[in-house]
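Structure record follows, encoded as structure tokens.
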Amino acid sequence: MALLAYVARRLAYLLVALFGVTFITFLVTRRLPGNPAALIVGVLADQSTIDAVTERLGLNEPFWSQYYKYMGQLFSGDLGESWFTSNPVTTDIGNRWPATVELASYALALAVLWAVSLGVISALRRRSLSNRLADALSGLGVSVPEFWLGLILLLAFFGTWKIAPAPLGRTLGEIPPDVTGFYTIDALIAGDWGAFRSAAAQLILPTVTLAIVIGAPLLRITRGFMRETMETGHIRFARALGIPRRSIVLRHAIPNVLLPVSTMGAMMYGYLLGGTVLVEVVFAWPGIGSYAVKAIEHSDFAPVQGVVLLSALSYLIVYLTMDILHFVVDPRTRTHS
Amino acid sequence: MSTMPAHETRPSSEEGDLLDMGDPLAEGDLLDMDTPLAEGDLLDVDDPYEDEDFPPLLRVSDLAVGFSGGKRSTHPLTPLQGVNLSVEEGSAVALVGESGSGKSLTASAVMGMLPAGAEVLRGSVSFEGEEILGASEKHMRELRGSRLAIMFQNPRASLNPVLTVGGQIAEVIRVHEDVKRKESRERAVDLLEQMGIPNPGRRAKDYVHQYSGGMAQRAALAMALSCRPRLLIADEPTTGLDATLQQQVLELVVEQVSERQASLLLITHDIGIVGRTCEQMAVMYAGRVMESGPVEEVLGDPANPYTAELIKSYATVRHGRMNSIPGVVPTLRGPLVECAFADRCPKADEECREGVPALRELGGQRGSDERKVACVKA
């Protein structure tokens with residue numbers, strides 16, 4: 001019962017937040033310089049043609065009336081039409097979203113794998129090699145911009161050693177039959193190893209780039225909380241009553257650390273799902289990040305609004321899911337005495 | 001010559017006594033900071049109990065612990081300067097002293113859980129007749145929680161927030177005894193009941209945030225006593241609890257320990273609770289035991305001026321005035337060369353600065369032969 005009330009309250013917050021996001025993105029895109037009507041009709045068109053297109057698009061109407069129309073469309077599931085691709089935005093996003101989600105999910109999985117395990121190990125052994133490695137990798141991750149790291153990896157593995165494939169999108173081989181939209185998974189479903197290999201090969205470098213960048217703060221948080229937890233009274237008491245080290249670490253300490261670490265992981269996933277613009281551009285990854293960049297270049301309002309809304313929504317949903325999970329798992333919120 | 005036995009000397013250095021007076025650092029071989037403990041040192045300890053037929057359950061002899069503070073540190077700390085303490089089978093002993101006197105560090109050394117950077121410099125800790133100082137971590141882990149247990153202050157921090165209270169007690173039982181999960185759970189509930197926790201079956205499934213401070217300390221006591229240890233060290237068990245609960249929890253600790261015919265080492269800075277709980281007491285100051293003996297004799301007729309000052313300051317606090325002992329507890333860098341209390345002691349004179357007074361039997365008309373004091377003026 002407490003859980004239902006909690007979820008209902010959180011969903012209400014989520015709607016309010018989304019409403020705010022639509023307003024702000026609408027306001028910002030309308031304030032961008034340049035008249036999209038002029039861009040649509042081209043440089044050779046005369047003023048009357050431009051005016052006609054402006055009229056047709058409703059761009060000459062007052063701001064509030066435009067916003068009202070936009071919200072009306074939104075509630076019927078219509079994100080508008082891209083002037084540049086002349087597709088409905090929902091179609092474009094539908095095509096590109098799986099690319100972003102696939103990359104984001106592999107990057108998060110890899111980041112959690114290396115950062116959490118190294119964080120735990122280095123917290124347990126101060127002044128060890130693992131600790132120095134953790135310092136180096138987390139320092140690298142937080143201080144190096146992700147596009148630069150991506151370029152360096154490309155230069156090394158594609159340019160110099162030629163062991164990575166050319167950064168030309170999601171696959172250089174066959175596109176597997178569409179089931180989930182994730183090429184690696186679809187290839188496995190189709191049992192096509194060749195397609196899986198070429199899709200996986202394209203994923204490796206961008207995944208590693210993102211995993212290093214988002215793993216760095218994850219590592220620091222894990223190490224910090226783990227060190228703190230190992231110093232707490234309950235760990236000392238458990239040791240003083242002969243609980244073996246294995247259980248101290250796995251059963252007594254790590255569950256206490258996973259709560260804050262998973263919150264951080266959720267934040268990172270939300271960030272990745274919003275489209276990692278720079279990495280998508282570097283690796284010509286056809287996700288929603290690169291889609292948004294092209295749309296901004298062409299004053300294409302509808303896709304920008306659509307992408308921002310989608311990233312806000314995915315961020316909020318990931319966060320909400322994590323909070324609900326904590327609510328269920330953490331005894332301190334689950335049981336109120 | 002009459003004061004000579006009052007100073008700590010080794011039989012081997014008898015002839016050098018006069019020289020030692022002028023150069024107290026010649027005692028450096030007793031407290032050598034630079035050389036870690038060698039095997040033989042553990043056995044080569046002044047043992048005032050050597051010819052006893054029944055060794056006490058716990059005996060700490062001449063225990064010195066220092067913090068090296070890393071290779072570059074020029075100021076190593078030596079918080080324990082030769083602690084002598086014993087706890088007889090079935091008795092309750094209070095270890096009393098100001099903050100920073102080394103009480104908790106002594107307990108950590110006994111448990112084999114010294115903080116990082118701390119190092120045993122010399123001395124011996126024997127438990128059930130067995131030397132446990134320097135025993136392997138594996139051996140100590142088997143001992144901890146089964147034969148030798150400890151509980152700390154701030155009970156709510158002593159229990160894991162994400163594990164059930166009953167589950168934590170049951171795990172201690174399963175670690176030390178070969179029992180099924182179900183049986184360990186049942187025993188956990190029984191223990192909670194023995195500690196006076198109402199509705200123990202349901203409370204075992206609760207988490208520590210659902211417990212009050214007093215209940216949490218009862219649960220921690222259940223955990224510490226779950227495998228019937230022979231000795232319970234209670235390190236300030238009532239500090240941080242409401243005044244009304246302190247008495248209850250203290251009584252419970254004493255009652256449960258004596259019901260199991262175990263021994264209690266109660267560490268406290270509150271001299272006021274000693275009389276109600278323990279038969280024996282030891283007073284610590286600056287890493288040494290200043291005086292020990294039966295509680296009523298020590299409190300009624302303190303032989304060490306430090307004990308007298310401590311009792312006086314306690315009495316004035318109770319009457320709403322603060323009459324603290326002038327000066328502060330010294331920070332101990334390196335071995336002591338004189339009585340550590342000399343700077344603050346109303347009775348101190350030149351004699352007190354001639355060496356570190358050994359803990360010796362008080363003798364004479366004052367008190368029983370269990371009484372010991374480390375003061376040349378006593």
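So you can find residues: chains in the structure tokens are A, B, ... in the order shown, residues in each start at 1, and ligands are numbered from 1 in order.
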Residues near segment 315-331 of chain A, anyone? I mean within 9 Å using only C-alpha atoms, not counting same-chain ones fewer than 2 positions away, as an MDAnalysis selection string.
(chainID A and resid 3 6:7 10:11 14 17:18 259 262:263 266:267 269:274 310:313 333:336) or (chainID B and resid 161:164 206:207 209)
Counting only C-alpha atoms, what are the residues of chain A within 8 Å of chain B, and for each of them which pair of atoms is the nearest and at what distance in Å, to one decimal? Sort the table by chain and rising number, as a Markdown table.
```
| residue | atom | partner | partner_atom | distance |
| --- | --- | --- | --- | --- |
| A:Thr232 | CA | B:Ala157 | CA | 7.3 |
| A:Gly233 | CA | B:Ser158 | CA | 4.8 |
| A:His234 | CA | B:Ser158 | CA | 3.9 |
| A:Ile235 | CA | B:Ser158 | CA | 7.5 |
| A:Arg236 | CA | B:Ser158 | CA | 7.6 |
| A:Phe237 | CA | B:Ser158 | CA | 5.8 |
| A:Arg239 | CA | B:Arg141 | CA | 7.8 |
| A:Ala240 | CA | B:Arg144 | CA | 5.8 |
| A:Leu241 | CA | B:Gly145 | CA | 3.7 |
| A:Gly242 | CA | B:Arg141 | CA | 4.5 |
| A:Ile243 | CA | B:Val172 | CA | 6.5 |
| A:Pro244 | CA | B:Arg141 | CA | 7.2 |
| A:His252 | CA | B:Asn160 | CA | 6.9 |
| A:Pro255 | CA | B:Val162 | CA | 7.2 |
| A:Asn256 | CA | B:Val162 | CA | 6.8 |
| A:Asp330 | CA | B:Val162 | CA | 6.8 |
| A:Pro331 | CA | B:Val162 | CA | 6.2 |
| A:Arg332 | CA | B:His209 | CA | 6.7 |
| A:His336 | CA | B:Gln210 | CA | 7.5 |
| A:Ser337 | CA | B:Gln210 | CA | 5.7 |
```
Within 9 Å of segment 110-134 of chain A: each segment 251-314 of chain A residue with its shortest pair, only C-alpha atoms, as JSON lines:
```
{"residue": "A:Ile254", "atom": "CA", "partner": "A:Val120", "partner_atom": "CA", "distance": 8.1}
{"residue": "A:Val261", "atom": "CA", "partner": "A:Val116", "partner_atom": "CA", "distance": 8.1}
{"residue": "A:Gly265", "atom": "CA", "partner": "A:Val112", "partner_atom": "CA", "distance": 7.4}
```
I need the strand (DSSP E or B) residues of segment 89-263 of chain B per DSSP on the backbone, written as a PyMOL selection string.
chain B and resi 92-97+118-127+130-131+144+148-151+231-235+263
My list of candidates is A:Thr100, A:Thr184, A:Ser65, A:Ser247. Which is closest to Thr276 of chain A when distances are computed with only C-alpha atoms?
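Using only C-alpha atoms, the shortest distance to Thr276 of chain A belongs to A:Thr100.
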Non-local contacts of Val254 of chain B (12 Å; only C-alpha atoms; under 2 positions in same chain excluded) as a PyMOL selection string
chain B and resi 90-94+195+221+225+231-234+237+247-252+256-266+273-274+276-279
I'd like the contact shell of Ala374 of chain B - 7 Å cut-off, only C-alpha atoms, skipping same-chain residues fewer than 5 positions apart - returned as a compact mmCIF listing (two decimals) with N, CA, C and O atoms, in the first residue's frame.
```
# COMPACT_ATOMS: atom_id res chain seq x y z
N MET B 290 47.13 2.56 36.92
CA MET B 290 47.66 3.29 38.06
C MET B 290 47.37 2.57 39.37
O MET B 290 48.09 2.73 40.35
N GLU B 291 46.25 1.84 39.36
CA GLU B 291 45.84 1.21 40.61
C GLU B 291 44.81 0.15 40.27
O GLU B 291 44.00 0.34 39.36
N PRO B 357 56.83 4.41 37.81
CA PRO B 357 56.50 3.51 38.91
C PRO B 357 55.86 2.22 38.40
O PRO B 357 54.97 2.28 37.56
N ALA B 358 56.35 1.11 38.89
CA ALA B 358 55.77 -0.18 38.49
C ALA B 358 54.48 -0.43 39.26
O ALA B 358 54.27 0.13 40.33
N LEU B 359 53.61 -1.26 38.66
CA LEU B 359 52.39 -1.66 39.37
C LEU B 359 52.79 -2.76 40.34
O LEU B 359 53.12 -3.87 39.94
N ARG B 360 52.77 -2.43 41.64
CA ARG B 360 53.26 -3.37 42.65
C ARG B 360 52.16 -3.64 43.67
O ARG B 360 51.19 -2.88 43.76
```
Contacts of segment 167-182 of chain A at 9 Å (only C-alpha atoms; same-chain gap of 2+ positions) as a ChimeraX atom specification
/A:95,97-99,101-102,154,158,164-165,184-190,192,194-203,205,280,282-286
Selection to disk with N, CA and C atoms, as a short mmCIF file (atom, residue, chain, number, x, y, z; two decimals), in the first residue's frame:
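Output below, filename again.cif:
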```cif
data_model
loop_
_atom_site.label_atom_id
_atom_site.label_comp_id
_atom_site.auth_asym_id
_atom_site.auth_seq_id
_atom_site.Cartn_x
_atom_site.Cartn_y
_atom_site.Cartn_z
N ASN A 95 13.38 5.17 -35.51
CA ASN A 95 14.48 4.52 -36.22
C ASN A 95 15.81 4.65 -35.49
N TRP A 97 16.34 5.70 -32.06
CA TRP A 97 16.33 5.42 -30.62
C TRP A 97 17.01 4.10 -30.26
N PRO A 98 16.73 2.99 -30.98
CA PRO A 98 17.40 1.73 -30.61
C PRO A 98 18.92 1.83 -30.67
N ALA A 99 19.44 2.63 -31.61
CA ALA A 99 20.90 2.76 -31.71
C ALA A 99 21.46 3.38 -30.44
N VAL A 101 19.93 3.47 -27.43
CA VAL A 101 19.69 2.61 -26.27
C VAL A 101 20.70 1.46 -26.24
N GLU A 102 20.99 0.89 -27.41
CA GLU A 102 21.92 -0.23 -27.46
C GLU A 102 23.31 0.20 -26.97
N LEU A 154 40.14 5.87 -31.55
CA LEU A 154 40.04 5.64 -33.00
C LEU A 154 41.41 5.70 -33.66
N PHE A 158 41.96 2.12 -34.84
CA PHE A 158 41.56 2.09 -36.24
C PHE A 158 42.69 2.64 -37.11
N ALA A 164 40.47 -2.12 -35.31
CA ALA A 164 39.06 -1.76 -35.17
C ALA A 164 38.52 -1.39 -36.55
N PRO A 165 37.21 -1.66 -36.78
CA PRO A 165 36.61 -1.30 -38.08
C PRO A 165 36.42 0.21 -38.19
N THR A 184 22.84 -6.30 -32.17
CA THR A 184 23.51 -7.47 -31.60
C THR A 184 22.48 -8.52 -31.18
N ILE A 185 21.40 -8.06 -30.56
CA ILE A 185 20.40 -9.01 -30.08
C ILE A 185 19.61 -9.61 -31.25
N ASP A 186 19.25 -8.74 -32.20
CA ASP A 186 18.52 -9.25 -33.37
C ASP A 186 19.34 -10.29 -34.14
N ALA A 187 20.66 -10.03 -34.23
CA ALA A 187 21.54 -10.97 -34.93
C ALA A 187 21.56 -12.31 -34.21
N LEU A 188 21.59 -12.27 -32.88
CA LEU A 188 21.59 -13.51 -32.10
C LEU A 188 20.26 -14.25 -32.27
N ILE A 189 19.17 -13.47 -32.30
CA ILE A 189 17.86 -14.09 -32.49
C ILE A 189 17.81 -14.79 -33.85
N ALA A 190 18.36 -14.10 -34.87
CA ALA A 190 18.37 -14.68 -36.21
C ALA A 190 19.43 -15.76 -36.35
N ASP A 192 22.55 -15.27 -36.70
CA ASP A 192 23.51 -14.84 -37.73
C ASP A 192 24.79 -14.33 -37.07
N GLY A 194 27.77 -13.74 -38.27
CA GLY A 194 28.48 -12.71 -39.03
C GLY A 194 27.92 -11.33 -38.72
N ALA A 195 26.58 -11.24 -38.73
CA ALA A 195 25.93 -9.96 -38.44
C ALA A 195 26.23 -9.54 -37.00
N PHE A 196 26.25 -10.51 -36.08
CA PHE A 196 26.54 -10.20 -34.68
C PHE A 196 27.94 -9.64 -34.55
N ARG A 197 28.91 -10.33 -35.23
CA ARG A 197 30.29 -9.89 -35.12
C ARG A 197 30.47 -8.48 -35.64
N SER A 198 29.86 -8.17 -36.82
CA SER A 198 30.11 -6.83 -37.35
C SER A 198 29.40 -5.76 -36.52
N ALA A 199 28.24 -6.09 -35.96
CA ALA A 199 27.56 -5.12 -35.10
C ALA A 199 28.36 -4.91 -33.81
N ALA A 200 28.86 -6.02 -33.24
CA ALA A 200 29.61 -5.93 -32.00
C ALA A 200 30.92 -5.16 -32.21
N ALA A 201 31.57 -5.40 -33.36
CA ALA A 201 32.83 -4.73 -33.64
C ALA A 201 32.65 -3.22 -33.69
N GLN A 202 31.51 -2.78 -34.26
CA GLN A 202 31.24 -1.34 -34.32
C GLN A 202 30.97 -0.76 -32.92
N LEU A 203 30.43 -1.61 -32.05
CA LEU A 203 30.04 -1.13 -30.72
C LEU A 203 31.23 -0.94 -29.77
N LEU A 205 34.45 0.31 -29.64
CA LEU A 205 35.13 1.56 -29.30
C LEU A 205 34.21 2.61 -28.65
N GLU A 280 28.39 10.09 -30.47
CA GLU A 280 27.63 9.67 -31.66
C GLU A 280 28.17 10.36 -32.91
N VAL A 282 31.34 11.48 -33.33
CA VAL A 282 32.68 10.95 -33.63
C VAL A 282 32.58 9.59 -34.33
N PHE A 283 31.68 8.73 -33.89
CA PHE A 283 31.60 7.39 -34.45
C PHE A 283 30.50 7.25 -35.50
N ALA A 284 29.97 8.39 -35.97
CA ALA A 284 28.88 8.41 -36.96
C ALA A 284 27.77 7.45 -36.53
N TRP A 285 27.44 7.53 -35.25
CA TRP A 285 26.46 6.61 -34.68
C TRP A 285 25.07 7.18 -34.92
N PRO A 286 24.19 6.47 -35.61
CA PRO A 286 22.91 7.07 -35.98
C PRO A 286 21.89 7.06 -34.84
#
```
